[in-house]
Structure formats: C-alpha cells, structure tokens
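Here the structure comes first, spelled out in structure tokens, and everything after it is commentary.
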Amino acid sequence: MLSFSKSLIASAVAGGCIVCGAAVATVTAKGVEYKDVADMLIAVMVADRTVYTKKVVQRLAAKQKVIKASEHYDDDKALPLPAQMFRFGAEHVADNTDKFSYSLLSLWPINKQNAPRTDAEKAGLKYVADNNGKNYYGEETLGGQKYFTAVYADVAVAKVCASCHNDHKDTPRSDFKVGDVMGGVVIRIPMAN
C-alpha cells in the first residue's frame, strides 16, 4: 500500500505546473502530479461515501427498517442521505482549508444548486457521463486563480441510490439503475499562477 506524508501532499497541492502536449500533466515541485493528488482525494471520498451508503443507509434504512434516510433528516429524525453527508464534508473542507475544494454536481440535479456552472464542470460532467465514468482532467481560471480541475463519475453504487433519485418529486430523470453515472465529483486544486 502506498503512503504519502501530509507534507508531501501539501507540497503537491502548493507546487507549480508544467503542461505537456495535449494532455494535462501538471507536475508539482516535489514531482507529484496534481492528477495523482486529486486521484488520492477521490479514493478517500468514494470509500467513505460507499461505506456510508452500503453499511449505514442501505443496511439500516432499506433492509432492517431500523431508521430511514431522508433529505429532511432533522425533522424526520432520520439519517442524512449519502449526498447530504458528502456535501457536509465538502462544506467542512471549504471552511477549514484553501488547499482544495470539492463538490457533487449533476447534469440532472434534484437540487438546482448542484447543477454545473463553469465550462469545466459542464464539460467534465458530460465527459464522464458519455465515457462510462472515465475521469476528466483539465485546468480553469476562476477569479484570477488557476485551478487543476478533475471530474470523477458519481455512480449509483446501490439500488437505494437509483430509487431515491428516480422517485424524488423534483427529479429531472427517473431511469437510473445501479452502476449508472448519476453525476460527478468536481475536485479543484489551486495552481501556482
């Protein structure tokens, strides 16, 4: 198993970049590519979300009927939905670091604030949807800051994911099934200008 020190990852996030040919190959001062840093971050995010979905929501809510999951979890005394837990993590990161950010977006958002806004978000979400979840990597400048932007497919990992989206009153799409790309996780890492 690979292990990376906090200082190496921090150096990778803060490093410079080199663009080689048509591919985005941004290399940091320590030799770690921004792509690799983003890939490490998404691995942790996907693991956490999958475990929460399968071991908590699916098991407790769907199978054992111990407690339900609800978008109105406070009022309903229920579990937060996996997408809500993901958003809480993204908000926590945004409040505690400027080293990277992430968000869960979709071309078919139930909550309109989860629609893509930038050209990179739109292109990345379309790319992962059209290419069986293949990752999208690019660069963009927002507010004068250059970012390495990666988009990873958000896939329905359990039946409860697809049925929740399909049955929601505000859904713009109701034909998702397990394994379908339902949106994407956008990770942004600031680059040296």
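Chain labels A, B, ... are given in the sequence in which chains occur in the structure tokens; within each chain residues are numbered consecutively from 1, and ligands are likewise numbered from 1 in the order shown.
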
**OP:** Find the spatial neighbours of Asp175 of chain A, counting only C-alpha atoms, within a cut-off of 10 Å - ignore same-chain residues fewer than 3 positions away - and output them as a ChimeraX atom specification.
**Re:** /A:162-163,165-167,172,180

Original post:
Counting only C-alpha atoms, what is within 9 Å of segment 110-114 of chain A, bar same-chain residues fewer than 3 positions away, as number ranges by chain?
Top reply: A: 103-107, 117, 165, 168-173

**OP:** One decimal, Å: what's the distance from atom CA of Glu33 of chain A over to atom CA of Pro116 of chain A, could you say?
**Re:** 25.2 Å

Write out as a PDB file with N, CA and C atoms, in the first residue's frame which residues come within 8 Å of Ala38 of chain A when counting only C-alpha atoms, dropping same-chain ones fewer than 2 positions away.
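Final output, saved to selection_9.pdb:
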```pdb
ATOM      1  N   TYR A  34      -0.669  16.903  -9.970  1.00  0.00           N
ATOM      2  CA  TYR A  34      -1.954  17.312  -9.418  1.00  0.00           C
ATOM      3  C   TYR A  34      -2.982  16.206  -9.628  1.00  0.00           C
ATOM      4  N   LYS A  35      -2.916  15.557 -10.780  1.00  0.00           N
ATOM      5  CA  LYS A  35      -3.826  14.451 -11.084  1.00  0.00           C
ATOM      6  C   LYS A  35      -3.737  13.374 -10.007  1.00  0.00           C
ATOM      7  N   ASP A  36      -2.522  13.039  -9.596  1.00  0.00           N
ATOM      8  CA  ASP A  36      -2.342  11.998  -8.574  1.00  0.00           C
ATOM      9  C   ASP A  36      -2.912  12.438  -7.226  1.00  0.00           C
ATOM     10  N   MET A  40      -5.966  10.603  -5.305  1.00  0.00           N
ATOM     11  CA  MET A  40      -5.906  10.155  -3.907  1.00  0.00           C
ATOM     12  C   MET A  40      -7.104  10.693  -3.127  1.00  0.00           C
ATOM     13  N   LEU A  41      -7.434  11.960  -3.343  1.00  0.00           N
ATOM     14  CA  LEU A  41      -8.564  12.554  -2.645  1.00  0.00           C
ATOM     15  C   LEU A  41      -9.867  11.835  -2.996  1.00  0.00           C
ATOM     16  N   ILE A  42     -10.094  11.555  -4.284  1.00  0.00           N
ATOM     17  CA  ILE A  42     -11.353  10.913  -4.685  1.00  0.00           C
ATOM     18  C   ILE A  42     -11.417   9.494  -4.134  1.00  0.00           C
ATOM     19  N   ALA A 150     -10.537  18.299 -11.694  1.00  0.00           N
ATOM     20  CA  ALA A 150     -10.785  16.902 -12.051  1.00  0.00           C
ATOM     21  C   ALA A 150     -12.254  16.599 -11.789  1.00  0.00           C
ATOM     22  N   ILE A 187     -13.276  18.111  -8.213  1.00  0.00           N
ATOM     23  CA  ILE A 187     -12.207  18.468  -7.281  1.00  0.00           C
ATOM     24  C   ILE A 187     -11.385  19.575  -7.919  1.00  0.00           C
ATOM     25  N   ILE A 189      -7.947  22.046  -7.320  1.00  0.00           N
ATOM     26  CA  ILE A 189      -6.720  22.300  -6.575  1.00  0.00           C
ATOM     27  C   ILE A 189      -6.110  23.572  -7.150  1.00  0.00           C
TER      28      ILE A 189
END
```

**OP:** Can you pull out every residue within 10 Å of segment 123-136 of chain A, counting only C-alpha atoms, but drop anything in the same chain fewer than 4 positions away, and send it as an MDAnalysis selection string?
**Re:** chainID A and resid 35 39 105:107 115:116 118:119 149:155 179:186
